[in-house]
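One file, final.cif, is given below (mmCIF, C-alpha atoms and all ligand atoms).
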data_input
loop_
_atom_site.label_atom_id
_atom_site.label_comp_id
_atom_site.auth_asym_id
_atom_site.auth_seq_id
_atom_site.Cartn_x
_atom_site.Cartn_y
_atom_site.Cartn_z
CA VAL A 24 48.66 227.57 107.55
CA LEU A 25 44.95 227.19 108.06
CA LEU A 26 43.73 226.68 104.53
CA ASP A 27 40.78 224.63 103.39
CA GLY A 28 41.98 221.42 101.76
CA VAL A 29 45.60 221.82 102.88
CA GLY A 30 45.71 221.69 106.69
CA THR A 31 48.51 220.15 108.74
CA GLU A 32 48.78 217.08 106.56
CA GLY A 33 48.98 219.15 103.39
CA GLN A 34 51.58 221.40 104.97
CA GLU A 35 53.70 218.36 105.80
CA ARG A 36 53.35 217.11 102.24
CA LEU A 37 54.53 220.47 100.92
CA LEU A 38 57.49 220.46 103.30
CA ALA A 39 58.48 217.01 102.06
CA ALA A 40 57.95 217.96 98.41
CA SER A 41 60.35 219.11 95.75
CA VAL A 42 59.24 221.49 93.00
CA LEU A 43 61.12 222.17 89.77
CA VAL A 44 60.73 225.58 88.14
CA VAL A 45 62.04 225.72 84.57
CA GLY A 46 62.65 229.35 83.65
CA ALA A 47 63.39 232.24 86.01
CA GLY A 48 61.84 234.97 83.88
CA GLY A 49 58.39 236.57 84.07
CA LEU A 50 56.37 233.46 84.94
CA GLY A 51 59.12 232.26 87.27
CA SER A 52 59.11 235.62 89.04
CA GLY A 53 55.35 235.28 89.45
CA CYS A 54 55.33 231.79 90.91
CA LEU A 55 58.59 231.37 92.86
CA PRO A 56 57.78 233.63 95.84
CA TYR A 57 54.42 231.88 96.26
CA LEU A 58 55.92 228.41 96.02
CA ALA A 59 58.32 229.36 98.82
CA ALA A 60 55.54 231.06 100.78
CA ALA A 61 53.38 227.93 100.51
CA GLY A 62 56.10 225.94 102.24
CA PHE A 63 57.59 223.74 99.54
CA GLY A 64 60.55 222.01 101.18
CA ARG A 65 62.82 222.09 98.16
CA ILE A 66 62.77 224.35 95.13
CA THR A 67 65.00 223.84 92.09
CA ILE A 68 65.31 226.71 89.62
CA VAL A 69 66.82 225.90 86.24
CA ASP A 70 67.64 228.57 83.67
CA GLY A 71 70.62 229.01 81.36
CA ASP A 72 70.09 232.72 80.60
CA ARG A 73 71.53 235.85 82.18
CA VAL A 74 69.61 238.89 83.39
CA GLU A 75 69.27 241.61 80.74
CA GLU A 76 68.02 245.14 81.17
CA SER A 77 65.01 244.50 78.89
CA ASN A 78 63.86 241.75 81.31
CA LEU A 79 63.38 243.95 84.34
CA ASN A 80 59.93 245.33 83.40
CA ARG A 81 58.33 241.91 83.97
CA GLN A 82 60.90 239.63 85.60
CA VAL A 83 60.45 241.27 88.97
CA LEU A 84 62.66 238.91 90.98
CA HIS A 85 65.73 240.41 89.30
CA ARG A 86 67.09 243.84 90.10
CA GLU A 87 69.33 246.26 88.28
CA CYS A 88 72.30 245.06 90.32
CA ASP A 89 71.69 241.54 88.93
CA LEU A 90 72.32 242.53 85.29
CA GLY A 91 74.61 239.99 83.64
CA ARG A 92 74.17 237.38 86.38
CA PRO A 93 72.67 233.95 85.68
CA LYS A 94 68.91 234.22 86.18
CA ALA A 95 68.74 230.96 88.14
CA GLU A 96 71.29 232.28 90.62
CA SER A 97 69.72 235.73 90.94
CA ALA A 98 66.23 234.25 91.44
CA ALA A 99 67.42 231.65 93.95
CA GLU A 100 69.17 234.32 96.00
CA ARG A 101 66.11 236.58 96.02
CA VAL A 102 63.70 233.79 97.00
CA SER A 103 66.07 232.65 99.76
CA ALA A 104 66.23 236.22 101.08
CA LEU A 105 62.42 236.42 101.16
CA TYR A 106 61.97 232.95 102.68
CA PRO A 107 65.18 231.86 104.44
CA GLU A 108 63.63 228.54 105.52
CA ALA A 109 63.19 227.40 101.89
CA SER A 110 65.90 225.19 100.42
CA VAL A 111 66.51 226.68 96.97
CA THR A 112 68.90 225.24 94.39
CA ALA A 113 69.98 227.04 91.22
CA ARG A 114 70.92 225.05 88.12
CA ILE A 115 72.55 227.28 85.54
CA GLU A 116 71.78 225.34 82.40
CA ARG A 117 69.34 225.12 79.55
CA VAL A 118 66.91 222.21 79.61
CA ASP A 119 67.28 220.25 76.39
CA ALA A 120 66.38 216.84 75.01
CA GLY A 121 69.58 215.39 76.43
CA ASN A 122 69.07 216.43 80.06
CA ALA A 123 65.31 216.99 80.49
CA LEU A 124 64.54 213.62 82.08
CA ALA A 125 67.51 213.89 84.45
CA VAL A 126 66.57 217.46 85.45
CA LEU A 127 62.98 216.39 86.23
CA SER A 128 64.07 213.36 88.19
CA GLY A 129 63.43 213.52 91.94
CA HIS A 130 60.80 216.27 91.71
CA ASP A 131 57.16 215.90 92.76
CA VAL A 132 55.85 218.60 90.44
CA ALA A 133 57.32 220.74 87.65
CA VAL A 134 56.32 224.25 86.62
CA ASP A 135 56.87 225.32 83.03
CA CYS A 136 57.96 228.97 83.07
CA THR A 137 59.74 228.84 79.71
CA ASP A 138 59.00 231.18 76.82
CA THR A 139 59.15 229.04 73.67
CA PHE A 140 56.86 226.35 72.32
CA ALA A 141 59.86 224.12 71.63
CA ALA A 142 60.77 224.18 75.34
CA LYS A 143 57.14 223.71 76.38
CA PHE A 144 56.68 220.63 74.22
CA LEU A 145 59.97 219.19 75.43
CA LEU A 146 58.86 219.63 79.05
CA ASN A 147 55.45 218.19 78.24
CA ASP A 148 57.03 215.05 76.80
CA ALA A 149 59.72 214.64 79.46
CA ALA A 150 57.37 215.26 82.41
CA TRP A 151 54.80 212.85 81.02
CA LEU A 152 57.44 210.15 80.46
CA ALA A 153 58.86 210.76 83.95
CA GLY A 154 55.40 210.73 85.53
CA VAL A 155 55.91 214.18 87.04
CA PRO A 156 52.82 216.47 87.11
CA LEU A 157 53.48 219.52 84.91
CA VAL A 158 51.93 222.95 85.31
CA HIS A 159 52.01 224.66 81.91
CA ALA A 160 51.54 228.36 81.21
CA GLY A 161 52.41 230.75 78.44
CA VAL A 162 51.96 234.51 78.19
CA VAL A 163 52.22 237.13 75.49
CA GLY A 164 51.13 240.74 75.55
CA TYR A 165 48.22 240.99 77.99
CA ALA A 166 47.12 237.38 77.50
CA GLY A 167 48.03 233.87 78.44
CA GLN A 168 46.94 230.31 78.98
CA ALA A 169 47.46 227.62 81.58
CA THR A 170 46.73 223.94 82.12
CA THR A 171 48.05 221.08 84.24
CA VAL A 172 49.19 217.82 82.64
CA LEU A 173 48.75 214.69 84.75
CA ARG A 174 49.73 211.36 83.25
CA GLY A 175 46.79 208.99 83.21
CA LYS A 176 44.33 211.70 84.27
CA GLY A 177 43.95 213.99 81.29
CA PRO A 178 45.31 215.27 78.01
CA CYS A 179 48.86 216.45 77.42
CA LEU A 180 49.92 219.58 75.59
CA ARG A 181 50.18 217.65 72.33
CA CYS A 182 46.53 216.60 72.66
CA LEU A 183 45.57 220.27 73.02
CA PHE A 184 47.87 221.46 70.24
CA PRO A 185 48.35 218.65 67.68
CA GLU A 186 50.35 221.06 65.53
CA ARG A 187 53.06 222.67 67.58
CA PRO A 188 52.90 226.43 66.99
CA LEU A 189 56.13 227.78 65.56
CA ASP A 190 58.08 230.06 67.84
CA GLY A 191 58.03 233.57 66.46
CA GLU A 192 54.78 232.94 64.60
CA GLY A 193 52.48 231.36 67.16
CA PRO A 194 49.96 233.04 69.43
CA LEU A 195 52.53 233.20 72.22
CA SER A 196 55.38 234.69 70.28
CA THR A 197 58.15 236.11 72.42
CA ARG A 198 58.67 238.70 69.69
CA ASP A 199 55.77 240.58 71.25
CA GLY A 200 56.03 242.34 74.57
CA ILE A 201 54.63 240.91 77.76
CA LEU A 202 52.77 242.85 80.43
CA GLY A 203 54.55 242.15 83.71
CA ALA A 204 51.23 241.75 85.50
CA ALA A 205 50.11 239.10 82.98
CA ALA A 206 53.24 237.05 83.68
CA GLY A 207 52.70 237.58 87.41
CA PHE A 208 49.06 236.56 87.18
CA PHE A 209 49.83 233.30 85.39
CA GLY A 210 52.87 232.62 87.55
CA ALA A 211 50.74 232.91 90.69
CA LEU A 212 48.15 230.62 89.08
CA GLN A 213 50.91 228.08 88.44
CA ALA A 214 51.97 228.22 92.09
CA ALA A 215 48.39 227.45 93.11
CA GLU A 216 48.28 224.48 90.72
CA ALA A 217 51.58 223.15 92.09
CA VAL A 218 50.27 223.40 95.67
CA LYS A 219 47.09 221.55 94.67
CA ALA A 220 49.03 218.87 92.78
CA VAL A 221 51.06 218.06 95.89
CA THR A 222 48.37 218.40 98.56
CA GLY A 223 45.39 217.04 96.64
CA ALA A 224 43.42 220.17 97.58
CA GLY A 225 40.92 221.66 95.18
CA THR A 226 40.48 220.80 91.51
CA LEU A 227 43.40 220.97 89.11
CA LEU A 228 43.22 222.58 85.66
CA CYS A 229 43.60 219.08 84.25
CA GLY A 230 41.69 218.60 81.00
CA ARG A 231 40.97 222.30 80.94
CA LEU A 232 42.86 225.18 79.36
CA LEU A 233 42.33 228.52 81.05
CA VAL A 234 42.72 231.39 78.61
CA ALA A 235 42.79 234.91 80.03
CA ASP A 236 43.04 238.23 78.24
CA LEU A 237 43.84 240.91 80.79
CA SER A 238 43.44 243.58 78.10
CA ALA A 239 39.77 242.78 77.58
CA GLY A 240 39.34 241.44 81.10
CA THR A 241 38.01 238.13 79.80
CA PHE A 242 38.54 234.61 81.12
CA ARG A 243 37.62 231.50 79.18
CA GLU A 244 37.94 227.82 79.91
CA LEU A 245 38.34 225.31 77.11
CA GLU A 246 37.72 221.68 77.89
CA ALA A 247 39.97 219.13 76.25
CA GLU A 248 40.18 215.37 76.16
CA ARG A 249 42.97 212.98 75.46
CA ASP A 250 43.62 212.48 71.78
CA ARG A 251 43.87 208.79 70.94
CA ALA A 252 46.19 209.71 68.08
CA CYS A 253 48.49 211.73 70.34
CA PRO A 254 52.13 210.80 69.59
CA LEU A 255 52.93 210.96 73.31
CA CYS A 256 49.92 209.78 75.33
CA GLY A 257 47.81 208.15 72.58
CA GLU A 258 47.29 204.52 71.69
CA SER A 259 50.33 204.19 69.44
CA PRO A 260 52.88 206.54 70.96
CA ARG A 261 56.04 207.26 68.99
CA ILE A 262 57.72 209.56 71.52
CA ALA A 263 59.89 207.58 73.93
CA PRO A 264 63.24 207.96 75.64
CA PRO A 265 65.82 208.88 74.63
CA LEU A 266 64.35 212.21 73.52
CA ARG A 267 65.88 213.56 70.34
CA ALA A 268 67.08 217.14 69.97
CA GLU A 269 65.77 217.37 66.40
CA ASP A 270 62.19 216.96 67.65
CA TYR A 271 62.41 220.21 69.62
CA LEU A 272 63.95 222.72 67.21
ZN ZN B 1 48.72 213.72 74.50
#

How does this structure look as structure tokens?
Ligand SMILES: [Zn+2]
Amino acid sequence: VLLDGVGTEGQERLLAASVLVVGAGGLGSGCLPYLAAAGFGRITIVDGDRVEESNLNRQVLHRECDLGRPKAESAAERVSALYPEASVTARIERVDAGNALAVLSGHDVAVDCTDTFAAKFLLNDAAWLAGVPLVHAGVVGYAGQATTVLRGKGPCLRCLFPERPLDGEGPLSTRDGILGAAAGFFGALQAAEAVKAVTGAGTLLCGRLLVADLSAGTFRELEAERDRACPLCGESPRIAPPLRAEDYL
């Protein structure tokens, strides 16, 4: 690959790197093919759900013949078929407070393709504690947001959202529909962030939240700094291992 900022050295780094994708739904469908195409050596897909008919309009990695199968397995098989040289592992389980640190372990970068704020905050905390760069994104309707959390380099999700939005009531409620193209757009953006995190190419969305509304065709960038009072990355942190399930309900 002849790409500015990646080159032979970057390609070797990607080949030696392991990326974790949490969630094999809409965002996962958007980023997984591009992670494999970029040449990541190892890809782990973790998802505890099964493919449902209502998923197919946006979770484009899954097909009608995959209905009822574990999403992690269906996605891993499809990515392997597209890119046989990629080493893809499926973990059929839900990431929770009890296993998050273990699931992240051994990965060079993690991509948050989940669809609830509870899961996103859990990944934020676990990735930060594990020192694994985390590429966050969330989509609802035609809109979404993305940022990359790097320990020691910028704010975490809790700095950006001191009050965790409630699932079902927040701006990224899964109760609302999602345009497949919006999930694909943000998933592809996450793949680009993961490539940059591993190769050092370009400038990461660290300390910046990209907010895009594909309905209006508008793109905004909000700058954010670390919050000294942040319970995770602030001066007096109270979040530490072991993570507790009751913090992520
Ligand atoms: Zn923070």

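Closest approach to A:Ala125 among A:Ala142, A:Ala214, A:Leu55, A:Leu43: A:Leu43, based on only C-alpha atoms.
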
TODO: Report the distance between atom CA of A:Pro185 and atom CA of A:Ala239 in Å, rounded to one decimal place.
DONE: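 Atom CA of A:Pro185 sits 27.5 Å away from atom CA of A:Ala239.
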
Task: Atom pair atom CA of A:Ala39 / atom CA of A:Gly64: separation (Å) - done: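 Taking atom CA of A:Ala39 as the start and atom CA of A:Gly64 as the end point, the length is 5.5 Å.
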
- [ ] Write as an NGL selection string the residues around ligand ZN 1 (chain B), taking 9 Å as the cut-off and counting all atoms listed in the file.
- [x] :A and (147-148 or 151 or 177-185 or 248-257)

Task: atom CA of A:Phe140 to atom CA of A:Ala205, straight-line distance in Å - done: 17.9 Å

TODO: Could you check which of A:Glu186, A:Glu216, A:Glu100, A:Glu116 is closest to A:Phe144, using all atoms listed in the file?
DONE: A:Glu186

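For the choices A:Ser97, A:Thr137, A:Gln168, A:Thr31, the atom-to-atom distance to A:Val44 is smallest for A:Thr137 when using only C-alpha atoms.
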
Can you list every residue of stretch 107-201 of chain A that has an atom at most 10 Å from stretch 219-222 of chain A, with its nearest atom pair and the distance in Å to one decimal, using all atoms listed in the file, ordered by chain then number, as CSV?
residue,atom,partner,partner_atom,distance
A:Asp131,CA,A:Val221,CA,7.2
A:Val132,CA,A:Ala220,CA,7.2
A:Ala133,CA,A:Ala220,CA,9.9
A:Pro156,CA,A:Ala220,CA,7.2
A:Leu157,CA,A:Ala220,CA,9.1
A:Val158,CA,A:Ala220,CA,9.0
A:Thr171,CA,A:Ala220,CA,8.9
A:Leu173,CA,A:Ala220,CA,9.1

Now that the selection is made, can you save its residues with C-alpha atoms as a PDB file, keeping the file's coordinate frame?
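That gives us result-v3.pdb:
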ATOM      1  CA  ASP A 131      57.160 215.900  92.760  1.00  0.00           C
ATOM      2  CA  VAL A 132      55.850 218.600  90.440  1.00  0.00           C
ATOM      3  CA  ALA A 133      57.320 220.740  87.650  1.00  0.00           C
ATOM      4  CA  PRO A 156      52.820 216.470  87.110  1.00  0.00           C
ATOM      5  CA  LEU A 157      53.480 219.520  84.910  1.00  0.00           C
ATOM      6  CA  VAL A 158      51.930 222.950  85.310  1.00  0.00           C
ATOM      7  CA  THR A 171      48.050 221.080  84.240  1.00  0.00           C
ATOM      8  CA  LEU A 173      48.750 214.690  84.750  1.00  0.00           C
TER       9      LEU A 173
END

TODO: Considering only C-alpha atoms, state which residue in the set A:Ala206, A:Cys88, A:Ala120, A:Ile201 is at the smallest distance from A:Asp270.
DONE: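 Of A:Ala206, A:Cys88, A:Ala120, A:Ile201, the one nearest A:Asp270, counting only C-alpha atoms, is A:Ala120.
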
Task: Who sits within 9 Å of A:Leu212, only C-alpha atoms, same chain under 2 positions skipped, as a PyMOL selection string - done: chain A and resi 53-54+160+169+207-210+214-217

Task: Contact residues around A:Ala98 with only C-alpha atoms at 12 Å, ignoring same-chain residues under 3 positions, as a PyMOL selection string - done: chain A and resi 44-56+59+66-70+72-74+82-86+89-90+92-95+101-105+111-115

Residues from last step as file, C-alpha atoms, as a PDB file, in the coordinates of the input:
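result28.pdb was written with the following content:
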ATOM      1  CA  VAL A  44      60.730 225.580  88.140  1.00  0.00           C
ATOM      2  CA  VAL A  45      62.040 225.720  84.570  1.00  0.00           C
ATOM      3  CA  GLY A  46      62.650 229.350  83.650  1.00  0.00           C
ATOM      4  CA  ALA A  47      63.390 232.240  86.010  1.00  0.00           C
ATOM      5  CA  GLY A  48      61.840 234.970  83.880  1.00  0.00           C
ATOM      6  CA  GLY A  49      58.390 236.570  84.070  1.00  0.00           C
ATOM      7  CA  LEU A  50      56.370 233.460  84.940  1.00  0.00           C
ATOM      8  CA  GLY A  51      59.120 232.260  87.270  1.00  0.00           C
ATOM      9  CA  SER A  52      59.110 235.620  89.040  1.00  0.00           C
ATOM     10  CA  GLY A  53      55.350 235.280  89.450  1.00  0.00           C
ATOM     11  CA  CYS A  54      55.330 231.790  90.910  1.00  0.00           C
ATOM     12  CA  LEU A  55      58.590 231.370  92.860  1.00  0.00           C
ATOM     13  CA  PRO A  56      57.780 233.630  95.840  1.00  0.00           C
ATOM     14  CA  ALA A  59      58.320 229.360  98.820  1.00  0.00           C
ATOM     15  CA  ILE A  66      62.770 224.350  95.130  1.00  0.00           C
ATOM     16  CA  THR A  67      65.000 223.840  92.090  1.00  0.00           C
ATOM     17  CA  ILE A  68      65.310 226.710  89.620  1.00  0.00           C
ATOM     18  CA  VAL A  69      66.820 225.900  86.240  1.00  0.00           C
ATOM     19  CA  ASP A  70      67.640 228.570  83.670  1.00  0.00           C
ATOM     20  CA  ASP A  72      70.090 232.720  80.600  1.00  0.00           C
ATOM     21  CA  ARG A  73      71.530 235.850  82.180  1.00  0.00           C
ATOM     22  CA  VAL A  74      69.610 238.890  83.390  1.00  0.00           C
ATOM     23  CA  GLN A  82      60.900 239.630  85.600  1.00  0.00           C
ATOM     24  CA  VAL A  83      60.450 241.270  88.970  1.00  0.00           C
ATOM     25  CA  LEU A  84      62.660 238.910  90.980  1.00  0.00           C
ATOM     26  CA  HIS A  85      65.730 240.410  89.300  1.00  0.00           C
ATOM     27  CA  ARG A  86      67.090 243.840  90.100  1.00  0.00           C
ATOM     28  CA  ASP A  89      71.690 241.540  88.930  1.00  0.00           C
ATOM     29  CA  LEU A  90      72.320 242.530  85.290  1.00  0.00           C
ATOM     30  CA  ARG A  92      74.170 237.380  86.380  1.00  0.00           C
ATOM     31  CA  PRO A  93      72.670 233.950  85.680  1.00  0.00           C
ATOM     32  CA  LYS A  94      68.910 234.220  86.180  1.00  0.00           C
ATOM     33  CA  ALA A  95      68.740 230.960  88.140  1.00  0.00           C
ATOM     34  CA  ARG A 101      66.110 236.580  96.020  1.00  0.00           C
ATOM     35  CA  VAL A 102      63.700 233.790  97.000  1.00  0.00           C
ATOM     36  CA  SER A 103      66.070 232.650  99.760  1.00  0.00           C
ATOM     37  CA  ALA A 104      66.230 236.220 101.080  1.00  0.00           C
ATOM     38  CA  LEU A 105      62.420 236.420 101.160  1.00  0.00           C
ATOM     39  CA  VAL A 111      66.510 226.680  96.970  1.00  0.00           C
ATOM     40  CA  THR A 112      68.900 225.240  94.390  1.00  0.00           C
ATOM     41  CA  ALA A 113      69.980 227.040  91.220  1.00  0.00           C
ATOM     42  CA  ARG A 114      70.920 225.050  88.120  1.00  0.00           C
ATOM     43  CA  ILE A 115      72.550 227.280  85.540  1.00  0.00           C
TER      44      ILE A 115
END

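For A:Leu26, the list of residues within 12 Å, based on all atoms listed in the file and with local chain neighbours fewer than 3 positions off taken out, reads Val29, Gly30, Thr31, Glu32, Gly33, Gln34, Ala61, Val218, Lys219, Thr222, Ala224 and Gly225 of chain A.
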